[in-house]
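S.K.: Structure file data.txt, compact mmCIF, C-alpha atoms and all ligand atoms, is pasted below:
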```txt
# COMPACT_ATOMS: atom_id res chain seq x y z
CA MET I 1 119.23 132.38 120.00
CA LYS I 2 118.90 131.13 116.42
CA GLY I 3 115.37 130.54 115.12
CA ILE I 4 113.69 129.88 111.76
CA VAL I 5 110.74 132.21 111.24
CA LEU I 6 108.10 132.61 108.57
CA GLN I 7 109.07 135.66 106.48
CA ARG I 8 106.92 135.90 103.38
CA LYS I 9 108.86 138.84 101.92
CA GLN I 10 111.91 136.58 101.53
CA ALA I 11 112.21 134.47 98.38
CA ALA I 12 112.55 131.35 100.56
CA LYS I 13 109.57 132.50 102.74
CA ILE I 14 111.60 131.53 105.80
CA GLN I 15 114.60 133.14 107.47
CA LEU I 16 117.16 132.09 110.08
CA LEU I 17 117.36 134.97 112.56
CA ASP I 18 118.91 135.91 115.89
CA LEU I 19 115.95 136.13 118.26
CA PRO I 20 115.60 136.84 121.98
CA LYS I 21 115.63 133.72 124.16
CA PRO I 22 112.01 133.14 125.27
CA ALA I 23 111.07 133.93 128.84
CA CYS I 24 109.83 130.99 130.90
CA GLY I 25 106.43 132.08 132.23
CA PRO I 26 104.43 130.67 135.14
CA GLY I 27 103.48 127.03 134.52
CA GLU I 28 106.00 126.75 131.68
CA VAL I 29 109.31 125.02 131.06
CA LEU I 30 112.13 126.30 128.87
CA ILE I 31 113.49 123.58 126.59
CA LYS I 32 116.91 123.67 124.97
CA ILE I 33 116.12 122.07 121.60
CA LYS I 34 118.46 119.22 120.58
CA ALA I 35 116.51 118.32 117.41
CA ALA I 36 113.32 119.39 115.65
CA ALA I 37 111.31 117.87 112.79
CA LEU I 38 109.23 119.17 109.89
CA ASN I 39 105.59 118.39 109.25
CA HIS I 40 103.69 119.19 106.10
CA ARG I 41 101.97 122.07 107.95
CA ASP I 42 105.34 123.89 108.02
CA GLU I 43 105.39 123.73 104.23
CA TRP I 44 101.70 124.79 104.06
CA CYS I 45 102.73 127.85 106.15
CA ARG I 46 105.57 128.62 103.74
CA LYS I 47 103.17 128.30 100.80
CA GLY I 48 100.70 130.68 102.48
CA LEU I 49 98.09 127.90 102.64
CA TYR I 50 97.64 127.79 106.42
CA PRO I 51 95.11 129.97 108.30
CA ASN I 52 96.07 133.02 110.41
CA LEU I 53 99.69 133.24 109.27
CA LYS I 54 101.97 135.78 110.97
CA ASP I 55 105.45 136.70 109.75
CA GLY I 56 108.12 136.49 112.44
CA VAL I 57 106.65 133.42 114.15
CA VAL I 58 109.10 130.55 114.70
CA LEU I 59 107.87 127.55 112.69
CA GLY I 60 108.01 123.90 113.72
CA SER I 61 105.72 121.72 115.83
CA ASP I 62 108.02 118.84 116.71
CA GLY I 63 110.98 118.95 119.01
CA ALA I 64 113.01 117.14 121.62
CA GLY I 65 115.43 118.62 124.13
CA ILE I 66 116.47 119.25 127.72
CA VAL I 67 114.55 121.19 130.39
CA GLU I 68 116.76 124.17 131.18
CA GLU I 69 114.44 126.35 133.30
CA VAL I 70 111.13 125.91 135.07
CA GLY I 71 108.61 128.72 135.59
CA ALA I 72 106.72 129.59 138.77
CA GLY I 73 104.63 126.68 140.02
CA VAL I 74 106.50 124.00 138.07
CA ASP I 75 108.25 121.06 139.75
CA SER I 76 111.99 121.85 139.78
CA SER I 77 112.85 118.11 139.57
CA LEU I 78 112.09 118.45 135.84
CA LEU I 79 115.32 120.42 135.39
CA GLY I 80 117.79 118.52 133.20
CA ASN I 81 115.18 115.99 132.02
CA GLU I 82 115.33 114.76 128.41
CA VAL I 83 111.89 115.34 126.90
CA ILE I 84 109.74 115.39 123.79
CA ILE I 85 107.08 118.04 123.19
CA ASN I 86 103.41 117.37 122.39
CA ALA I 87 102.51 120.19 120.00
CA ALA I 88 98.74 119.78 120.51
CA LYS I 89 97.57 122.52 122.92
CA ASN I 90 94.12 122.91 124.49
CA TRP I 91 92.45 119.77 123.13
CA GLY I 92 89.85 120.06 125.89
CA SER I 93 87.79 117.44 127.69
CA ASN I 94 85.90 115.90 124.76
CA GLU I 95 87.74 112.82 123.46
CA LYS I 96 85.63 112.90 120.29
CA ALA I 97 86.90 116.25 119.00
CA GLN I 98 89.18 119.14 119.93
CA ALA I 99 87.88 122.33 121.56
CA LYS I 100 87.71 125.56 119.56
CA GLU I 101 90.73 126.84 121.57
CA PHE I 102 92.83 123.97 120.17
CA GLU I 103 96.10 125.06 118.59
CA ILE I 104 99.34 123.59 117.37
CA LEU I 105 102.80 124.87 118.29
CA GLY I 106 104.57 126.66 115.47
CA MET I 107 101.75 128.97 114.23
CA PRO I 108 100.30 131.12 115.68
CA SER I 109 102.56 130.60 118.75
CA HIS I 110 106.33 130.16 118.41
CA GLY I 111 107.46 126.66 117.48
CA THR I 112 110.37 124.28 117.77
CA LEU I 113 112.69 125.41 114.94
CA ALA I 114 114.77 127.42 117.40
CA GLU I 115 117.46 126.85 120.00
CA TYR I 116 114.90 127.34 122.80
CA ILE I 117 111.15 127.12 123.25
CA ALA I 118 108.96 127.82 126.29
CA VAL I 119 105.93 125.50 126.53
CA PRO I 120 103.33 124.69 129.21
CA ALA I 121 104.85 122.07 131.50
CA ASP I 122 102.05 119.60 130.71
CA ARG I 123 103.17 119.47 127.04
CA ILE I 124 106.41 117.61 127.83
CA HIS I 125 106.91 113.85 128.17
CA ALA I 126 110.01 111.79 128.93
CA LYS I 127 112.00 111.04 125.78
CA PRO I 128 111.68 107.30 125.03
CA MET I 129 115.05 105.83 126.05
CA HIS I 130 115.46 103.79 122.86
CA LEU I 131 115.33 106.88 120.62
CA ASN I 132 118.17 109.24 119.77
CA TRP I 133 117.46 112.98 119.60
CA GLU I 134 116.45 113.06 115.94
CA GLU I 135 114.18 110.03 116.25
CA ALA I 136 112.59 111.52 119.36
CA ALA I 137 111.97 114.85 117.59
CA ALA I 138 110.38 113.01 114.66
CA LEU I 139 107.76 111.29 116.80
CA PRO I 140 105.19 113.63 118.40
CA LEU I 141 102.89 115.21 115.80
CA ALA I 142 102.99 112.52 113.13
CA GLY I 143 102.97 109.71 115.71
CA LEU I 144 99.93 111.19 117.44
CA THR I 145 98.07 111.73 114.14
CA ALA I 146 98.80 108.21 112.96
CA TYR I 147 97.79 106.67 116.29
CA ARG I 148 94.40 108.36 116.43
CA ALA I 149 93.66 107.68 112.76
CA LEU I 150 94.64 104.01 112.95
CA VAL I 151 93.67 102.95 116.46
CA VAL I 152 91.10 105.38 117.87
CA LYS I 153 89.16 106.22 114.70
CA GLY I 154 90.19 103.28 112.47
CA GLN I 155 89.75 100.67 115.24
CA VAL I 156 92.43 98.47 113.67
CA GLN I 157 92.09 94.77 114.54
CA VAL I 158 94.58 91.91 114.50
CA GLY I 159 94.54 90.39 111.00
CA ASP I 160 92.98 93.45 109.34
CA GLN I 161 94.23 94.25 105.86
CA VAL I 162 95.30 97.90 106.10
CA LEU I 163 96.28 100.15 103.20
CA VAL I 164 98.50 103.09 104.18
CA THR I 165 98.68 105.56 101.30
CA GLY I 166 101.67 107.72 100.35
CA ILE I 167 104.17 105.72 102.40
CA GLY I 168 106.90 108.31 101.89
CA GLY I 169 104.99 110.67 104.21
CA GLY I 170 105.75 111.18 107.88
CA VAL I 171 102.32 110.24 109.24
CA ALA I 172 102.05 107.30 106.83
CA GLN I 173 105.33 105.86 108.13
CA PHE I 174 104.00 105.75 111.67
CA ALA I 175 100.63 104.37 110.60
CA ALA I 176 102.38 101.47 108.83
CA GLN I 177 104.72 100.75 111.76
CA PHE I 178 101.91 100.91 114.34
CA ALA I 179 99.62 98.69 112.21
CA LEU I 180 102.35 96.06 111.86
CA ALA I 181 103.04 96.16 115.60
CA LEU I 182 99.32 95.64 116.28
CA GLY I 183 99.12 92.54 114.10
CA ALA I 184 97.61 93.92 110.92
CA LYS I 185 98.63 92.98 107.39
CA VAL I 186 99.92 96.19 105.85
CA PHE I 187 99.83 97.31 102.23
CA VAL I 188 101.15 100.65 101.02
CA SER I 189 100.84 103.00 98.07
CA SER I 190 103.43 105.42 96.77
CA SER I 191 104.48 107.38 93.70
CA ALA I 192 107.98 105.89 93.98
CA PRO I 193 108.88 102.22 93.39
CA GLU I 194 111.93 102.55 95.67
CA LYS I 195 109.72 103.73 98.55
CA ILE I 196 107.45 100.71 98.03
CA ALA I 197 110.53 98.45 98.12
CA GLN I 198 111.67 100.12 101.38
CA ALA I 199 108.22 99.62 102.91
CA ILE I 200 108.27 95.92 101.98
CA ASP I 201 111.70 95.66 103.67
CA GLN I 202 110.04 97.10 106.79
CA GLY I 203 107.29 94.47 106.79
CA ALA I 204 104.62 95.61 104.34
CA SER I 205 103.12 92.76 102.30
CA ALA I 206 102.95 94.62 98.97
CA GLY I 207 102.72 98.10 97.49
CA PHE I 208 100.95 99.85 94.64
CA ASN I 209 101.95 102.87 92.57
CA TYR I 210 99.08 105.35 92.84
CA THR I 211 100.24 107.21 89.74
CA GLN I 212 99.43 104.21 87.53
CA ALA I 213 95.96 103.86 86.01
CA ASN I 214 93.88 101.02 87.48
CA TRP I 215 96.22 100.54 90.45
CA SER I 216 93.28 100.09 92.79
CA ALA I 217 91.61 97.40 90.63
CA ALA I 218 94.93 95.52 90.58
CA ALA I 219 95.30 95.95 94.34
CA LEU I 220 91.78 94.62 94.94
CA GLN I 221 92.45 91.58 92.77
CA GLN I 222 95.83 90.87 94.40
CA THR I 223 94.77 91.33 98.03
CA GLY I 224 91.04 90.57 98.20
CA GLY I 225 90.44 94.07 99.57
CA MET I 226 91.14 96.20 102.63
CA ASN I 227 89.38 96.39 105.97
CA LEU I 228 90.91 99.79 106.69
CA VAL I 229 92.55 102.56 104.66
CA ILE I 230 94.63 105.35 106.24
CA ASP I 231 94.98 108.30 103.88
CA GLY I 232 96.43 111.81 104.02
CA ALA I 233 95.99 112.76 100.36
CA SER I 234 92.20 112.86 99.72
CA GLY I 235 91.60 114.42 96.25
CA ASP I 236 90.43 112.29 93.39
CA THR I 237 92.25 109.21 94.70
CA LEU I 238 89.33 108.81 97.12
CA SER I 239 87.45 106.87 94.45
CA ASN I 240 90.42 104.48 94.13
CA LEU I 241 90.43 104.01 97.88
CA MET I 242 86.74 103.10 97.84
CA GLU I 243 87.41 100.61 95.06
CA VAL I 244 90.12 98.83 97.04
CA CYS I 245 87.90 98.34 100.12
CA LYS I 246 86.08 95.22 101.25
CA PRO I 247 82.39 95.75 102.03
CA GLY I 248 82.06 97.33 105.48
CA ALA I 249 85.58 98.83 105.43
CA ARG I 250 86.67 102.09 107.05
CA ILE I 251 88.56 104.87 105.25
CA VAL I 252 90.17 107.27 107.71
CA PHE I 253 91.62 110.44 106.26
CA TYR I 254 93.73 112.91 108.20
CA GLY I 255 94.90 115.22 105.40
CA ALA I 256 94.13 116.61 101.98
CA THR I 257 97.50 116.99 100.26
CA ARG I 258 95.67 116.55 96.93
CA GLY I 259 92.73 118.80 97.82
CA ASN I 260 89.04 117.88 97.77
CA PRO I 261 87.66 114.99 95.71
CA GLY I 262 86.11 116.14 92.43
CA GLN I 263 83.29 113.67 92.91
CA LEU I 264 82.13 111.14 95.44
CA GLU I 265 80.54 107.91 94.24
CA ALA I 266 77.75 107.87 96.76
CA ARG I 267 76.26 104.58 95.51
CA LYS I 268 79.56 102.75 96.00
CA LEU I 269 79.79 104.25 99.47
CA PHE I 270 76.36 103.20 100.74
CA TRP I 271 75.99 99.93 98.84
CA ASN I 272 79.29 98.66 100.20
CA GLN I 273 78.51 99.86 103.74
CA LEU I 274 81.74 101.90 103.77
CA GLN I 275 82.62 104.40 106.49
CA LEU I 276 84.44 107.65 105.67
CA ILE I 277 86.03 108.96 108.85
CA GLY I 278 87.95 112.18 109.50
CA SER I 279 90.72 112.42 112.09
CA THR I 280 92.93 115.25 113.34
CA MET I 281 95.99 114.93 115.55
CA GLY I 282 94.80 113.57 118.92
CA SER I 283 93.91 114.15 122.55
CA ASP I 284 96.32 114.02 125.49
CA ALA I 285 95.04 110.49 126.25
CA ASP I 286 95.81 109.46 122.65
CA PHE I 287 99.32 110.87 123.03
CA LEU I 288 99.99 108.79 126.15
CA GLN I 289 98.66 105.63 124.48
CA MET I 290 100.79 106.33 121.41
CA LEU I 291 103.88 106.64 123.62
CA GLN I 292 103.03 103.35 125.36
CA LEU I 293 102.81 101.61 121.99
CA VAL I 294 106.14 103.07 120.87
CA GLU I 295 107.78 102.00 124.14
CA LYS I 296 106.23 98.52 124.16
CA PHE I 297 107.31 97.63 120.61
CA LYS I 298 110.48 99.80 120.67
CA ILE I 299 109.26 101.49 117.48
CA LYS I 300 111.85 103.76 115.87
CA PRO I 301 110.72 106.67 113.70
CA VAL I 302 112.22 106.58 110.23
CA VAL I 303 114.41 109.65 109.78
CA ASP I 304 114.83 110.53 106.13
CA GLN I 305 117.51 113.23 106.39
CA CYS I 306 118.81 115.62 109.02
CA TYR I 307 119.78 119.22 108.16
CA PRO I 308 121.45 121.97 110.20
CA PHE I 309 119.25 125.05 110.77
CA SER I 310 121.47 126.91 108.28
CA GLN I 311 120.12 124.60 105.51
CA ALA I 312 116.46 124.91 106.43
CA GLU I 313 115.44 125.95 102.92
CA ALA I 314 116.82 122.70 101.49
CA ALA I 315 114.96 120.75 104.17
CA PHE I 316 111.66 122.48 103.36
CA ASP I 317 112.26 122.01 99.62
CA ARG I 318 112.76 118.28 100.11
CA MET I 319 109.33 118.10 101.74
CA LYS I 320 107.77 120.32 99.06
CA GLU I 321 109.07 117.99 96.34
CA GLY I 322 107.88 114.86 98.21
CA LYS I 323 111.32 113.25 98.03
CA GLN I 324 111.37 112.07 101.62
CA PHE I 325 110.90 108.59 103.06
CA GLY I 326 109.94 109.35 106.65
CA LYS I 327 110.70 112.41 108.70
CA ILE I 328 112.94 115.35 107.85
CA THR I 329 114.75 116.63 110.93
CA LEU I 330 116.74 119.77 111.74
CA VAL I 331 119.34 120.48 114.38
CA PRO I 332 120.39 123.92 115.71
N1 LIG J 1 94.79 116.43 110.47
C1 LIG J 1 95.94 116.38 111.10
O1 LIG J 1 96.03 116.41 112.31
C2 LIG J 1 97.19 116.25 110.29
C3 LIG J 1 98.38 115.91 110.93
C4 LIG J 1 99.50 115.71 110.14
C5 LIG J 1 99.43 115.88 108.77
N2 LIG J 1 98.27 116.27 108.19
C6 LIG J 1 98.17 116.44 106.74
O2 LIG J 1 98.40 115.15 106.16
C7 LIG J 1 99.14 115.27 104.95
C8 LIG J 1 100.43 114.47 105.07
O3 LIG J 1 101.22 115.04 106.10
P1 LIG J 1 102.72 114.59 106.37
O4 LIG J 1 103.32 115.53 107.35
O5 LIG J 1 102.78 113.13 106.63
O6 LIG J 1 103.31 114.92 104.93
P2 LIG J 1 104.61 114.49 104.14
O7 LIG J 1 105.57 113.84 105.09
O8 LIG J 1 105.04 115.70 103.38
O9 LIG J 1 104.04 113.38 103.13
C9 LIG J 1 103.32 113.68 102.00
C10 LIG J 1 103.18 112.39 101.20
O10 LIG J 1 101.93 112.43 100.56
C11 LIG J 1 101.96 111.41 99.60
N3 LIG J 1 101.04 111.70 98.51
C12 LIG J 1 101.02 112.75 97.69
N4 LIG J 1 100.04 112.61 96.77
C13 LIG J 1 99.40 111.45 97.05
C14 LIG J 1 98.29 110.75 96.48
N5 LIG J 1 97.63 111.22 95.42
N6 LIG J 1 97.93 109.58 97.05
C15 LIG J 1 98.58 109.09 98.12
N7 LIG J 1 99.63 109.70 98.69
C16 LIG J 1 100.03 110.88 98.17
C17 LIG J 1 103.41 111.31 99.11
O11 LIG J 1 103.78 109.94 99.27
P3 LIG J 1 104.84 109.18 98.30
O12 LIG J 1 106.10 110.01 98.41
O13 LIG J 1 104.98 107.83 98.92
O14 LIG J 1 104.26 109.16 96.94
C18 LIG J 1 104.16 112.24 100.08
O15 LIG J 1 105.38 111.70 100.51
C19 LIG J 1 99.36 116.77 104.75
O16 LIG J 1 98.33 117.26 103.90
C20 LIG J 1 99.22 117.34 106.14
O17 LIG J 1 98.85 118.70 106.15
C21 LIG J 1 97.14 116.45 108.93
```
Would you mind writing the file out in structure tokens?

M.R.:
Amino acid sequence: MKGIVLQRKQAAKIQLLDLPKPACGPGEVLIKIKAAALNHRDEWCRKGLYPNLKDGVVLGSDGAGIVEEVGAGVDSSLLGNEVIINAAKNWGSNEKAQAKEFEILGMPSHGTLAEYIAVPADRIHAKPMHLNWEEAAALPLAGLTAYRALVVKGQVQVGDQVLVTGIGGGVAQFAAQFALALGAKVFVSSSAPEKIAQAIDQGASAGFNYTQANWSAAALQQTGGMNLVIDGASGDTLSNLMEVCKPGARIVFYGATRGNPGQLEARKLFWNQLQLIGSTMGSDADFLQMLQLVEKFKIKPVVDQCYPFSQAEAAFDRMKEGKQFGKITLVP
């Protein structure tokens, strides 16, 4: 089968190879992948900025496909089912945080950027009927991360003013769509005016260019302030995010694309009764609730561009350069 592996000796750091078809072990299902999607972690792996990297591992955490084989002990009625894959393995029993055995498909275990993947049978869920293969592949990891950040940790309420930063990003797209579906008033930030315009077309009330000086002061003046901020960038923009908050607001961050903040204005934090909350992916219960939300509101993931496996380097480069609006997908 064809598969895209990490190969740090290659200039592209990834390589499309002929690999053995995975065996379907006890308790597992073998999925024939119809579409897969990139997440920023795939690019972090390519950049060497992810822990415990191993060359030769198939990258990719998101995928959708058809159950082609079932292993010992697995219900054979699953054969032929159209499914999506939850990449979050071994969350454990504590809803508040993942167990130390927690891992994500696509490093260190083989991922979805291949024609086949074997996964534990409890990682698959029925593909939402209203989604095509690419949309279905785009959903799991980013949808789960956005759901937990917005709903479980952020406790979004009807009428809340919610700022979703970096709206071109995959997780940000879902956070904005979910917040709108749940009755919040959504604002976005982006480096690109055309992405802000696209977000307003999708229902956002306004957008702000985070590359401009004083954007957060302008946003505060225009909106009256946010009840909730959902951010995947961290870095020095954290001080802007604190500035744009109403007293008592929550800032939930799920990523650090821009690294750590150089400084934290502690007085602004405590005087304004702000909450800084971290969030990572989500539990199995979060995944089911996320799917229910997507089904109820017939939410469709925004697919930026779809590439064949043979053009994987171009797909990864698009993510590296931050050109995307939504999810980048790949098909075998
Ligand atoms: N903890 C978790 O479970 C988890 C799960 C998923 C992702 N993450 C992390 O979250 C981050 C985003 O992931 P993703 O897959 O959604 O990435 P992505 O699709 O590659 O999106 C990255 C986006 O970040 C935005 N951005 C860059 N600099 C920014 C800044 N200073 N302020 C605001 N936005 C900025 C850009 O938005 P514009 O193009 O609009 O400017 C860019 O499109 C990554 O660091 C990733 O590793 C963590």

S.K.: Which protein, DNA or RNA residues have an atom within 6 Å of ligand LIG 1 (chain J), counting all atoms listed in the file, as a ChimeraX atom specification?

M.R.: /I:39-41,142,145,165-172,190-192,232-233,237,254-258,279-281,319,322

S.K.: Just want the 12 Å neighbourhood of stretch 293-296 of chain I, counted on all atoms listed in the file, with same-chain residues fewer than 5 positions away dropped. Output as a VMD selection string.

M.R.: chain I and resid 126 to 131 135 to 136 139 to 140 143 to 144 146 to 147 151 174 to 175 177 to 182 286 to 288 301

S.K.: Excluding I:Ala176 and its own-chain neighbours fewer than 5 positions away, which residues fall within 10 Å of it when counting all atoms listed in the file? Please give them as a compact mmCIF listing (two decimals) with C-alpha atoms, in the coordinates of the input.

M.R.:
```txt
# COMPACT_ATOMS: atom_id res chain seq x y z
CA ALA I 146 98.80 108.21 112.96
CA LEU I 150 94.64 104.01 112.95
CA VAL I 162 95.30 97.90 106.10
CA LEU I 163 96.28 100.15 103.20
CA VAL I 164 98.50 103.09 104.18
CA THR I 165 98.68 105.56 101.30
CA ILE I 167 104.17 105.72 102.40
CA VAL I 171 102.32 110.24 109.24
CA ALA I 181 103.04 96.16 115.60
CA LEU I 182 99.32 95.64 116.28
CA ALA I 184 97.61 93.92 110.92
CA LYS I 185 98.63 92.98 107.39
CA VAL I 186 99.92 96.19 105.85
CA PHE I 187 99.83 97.31 102.23
CA VAL I 188 101.15 100.65 101.02
CA ALA I 199 108.22 99.62 102.91
CA GLN I 202 110.04 97.10 106.79
CA GLY I 203 107.29 94.47 106.79
CA ALA I 204 104.62 95.61 104.34
CA ILE I 230 94.63 105.35 106.24
```

S.K.: Tell me which protein, DNA and RNA residues are within 12 Å of I:Asp284, counting all atoms listed in the file, leaving out same-chain ones fewer than 4 positions away, and put them as JSON, numbers by chain.

M.R.: {"I": [85, 86, 87, 88, 89, 90, 91, 92, 93, 94, 95, 96, 97, 98, 102, 122, 123, 124, 125, 140, 141, 144, 145, 147, 148, 288, 289, 290, 291]}

S.K.: When you draw a straight line from atom CA of I:Met1 to atom CA of I:Gly48, how long is it in Å?

M.R.: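 Distance reported for this atom pair: 25.6 Å.
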
S.K.: Because some atoms of stretch 217-235 of chain I are absent here, can you restore N, CA and C atoms and send them as a JSON list (two decimals), keeping the file's coordinate frame?

M.R.:
```
[["chain", "number", "residue", "atom", "x", "y", "z"],
["I", 217, "ALA", "N", 92.22, 98.66, 91.09],
["I", 217, "ALA", "CA", 91.61, 97.40, 90.63],
["I", 217, "ALA", "C", 92.62, 96.26, 90.78],
["I", 218, "ALA", "N", 93.88, 96.55, 90.44],
["I", 218, "ALA", "CA", 94.93, 95.52, 90.58],
["I", 218, "ALA", "C", 95.13, 95.18, 92.05],
["I", 219, "ALA", "N", 95.10, 96.19, 92.90],
["I", 219, "ALA", "CA", 95.30, 95.95, 94.34],
["I", 219, "ALA", "C", 94.17, 95.11, 94.91],
["I", 220, "LEU", "N", 92.94, 95.39, 94.46],
["I", 220, "LEU", "CA", 91.78, 94.62, 94.94],
["I", 220, "LEU", "C", 91.93, 93.15, 94.53],
["I", 221, "GLN", "N", 92.31, 92.96, 93.27],
["I", 221, "GLN", "CA", 92.45, 91.58, 92.77],
["I", 221, "GLN", "C", 93.56, 90.83, 93.52],
["I", 222, "GLN", "N", 94.67, 91.53, 93.77],
["I", 222, "GLN", "CA", 95.83, 90.87, 94.40],
["I", 222, "GLN", "C", 95.60, 90.56, 95.88],
["I", 223, "THR", "N", 94.84, 91.44, 96.57],
["I", 223, "THR", "CA", 94.77, 91.33, 98.03],
["I", 223, "THR", "C", 93.42, 90.83, 98.54],
["I", 224, "GLY", "N", 92.39, 90.91, 97.72],
["I", 224, "GLY", "CA", 91.04, 90.57, 98.20],
["I", 224, "GLY", "C", 90.36, 91.73, 98.88],
["I", 225, "GLY", "N", 91.07, 92.85, 99.03],
["I", 225, "GLY", "CA", 90.44, 94.07, 99.57],
["I", 225, "GLY", "C", 90.89, 94.40, 100.98],
["I", 226, "MET", "N", 90.69, 95.66, 101.33],
["I", 226, "MET", "CA", 91.14, 96.20, 102.63],
["I", 226, "MET", "C", 90.00, 96.31, 103.63],
["I", 227, "ASN", "N", 90.33, 96.10, 104.90],
["I", 227, "ASN", "CA", 89.38, 96.39, 105.97],
["I", 227, "ASN", "C", 89.47, 97.85, 106.41],
["I", 228, "LEU", "N", 90.66, 98.43, 106.18],
["I", 228, "LEU", "CA", 90.91, 99.79, 106.69],
["I", 228, "LEU", "C", 91.91, 100.48, 105.76],
["I", 229, "VAL", "N", 91.62, 101.74, 105.45],
["I", 229, "VAL", "CA", 92.55, 102.56, 104.66],
["I", 229, "VAL", "C", 92.89, 103.80, 105.49],
["I", 230, "ILE", "N", 94.18, 104.14, 105.54],
["I", 230, "ILE", "CA", 94.63, 105.35, 106.24],
["I", 230, "ILE", "C", 95.23, 106.27, 105.19],
["I", 231, "ASP", "N", 94.63, 107.44, 105.01],
["I", 231, "ASP", "CA", 94.98, 108.30, 103.88],
["I", 231, "ASP", "C", 95.17, 109.76, 104.30],
["I", 232, "GLY", "N", 96.21, 110.39, 103.74],
["I", 232, "GLY", "CA", 96.43, 111.81, 104.02],
["I", 232, "GLY", "C", 96.37, 112.65, 102.76],
["I", 233, "ALA", "N", 95.95, 112.06, 101.65],
["I", 233, "ALA", "CA", 95.99, 112.76, 100.36],
["I", 233, "ALA", "C", 94.62, 113.28, 99.93],
["I", 234, "SER", "N", 93.56, 112.53, 100.21],
["I", 234, "SER", "CA", 92.20, 112.86, 99.72],
["I", 234, "SER", "C", 92.24, 113.10, 98.20],
["I", 235, "GLY", "N", 91.61, 114.17, 97.70],
["I", 235, "GLY", "CA", 91.60, 114.42, 96.25],
["I", 235, "GLY", "C", 90.88, 113.32, 95.51]]
```
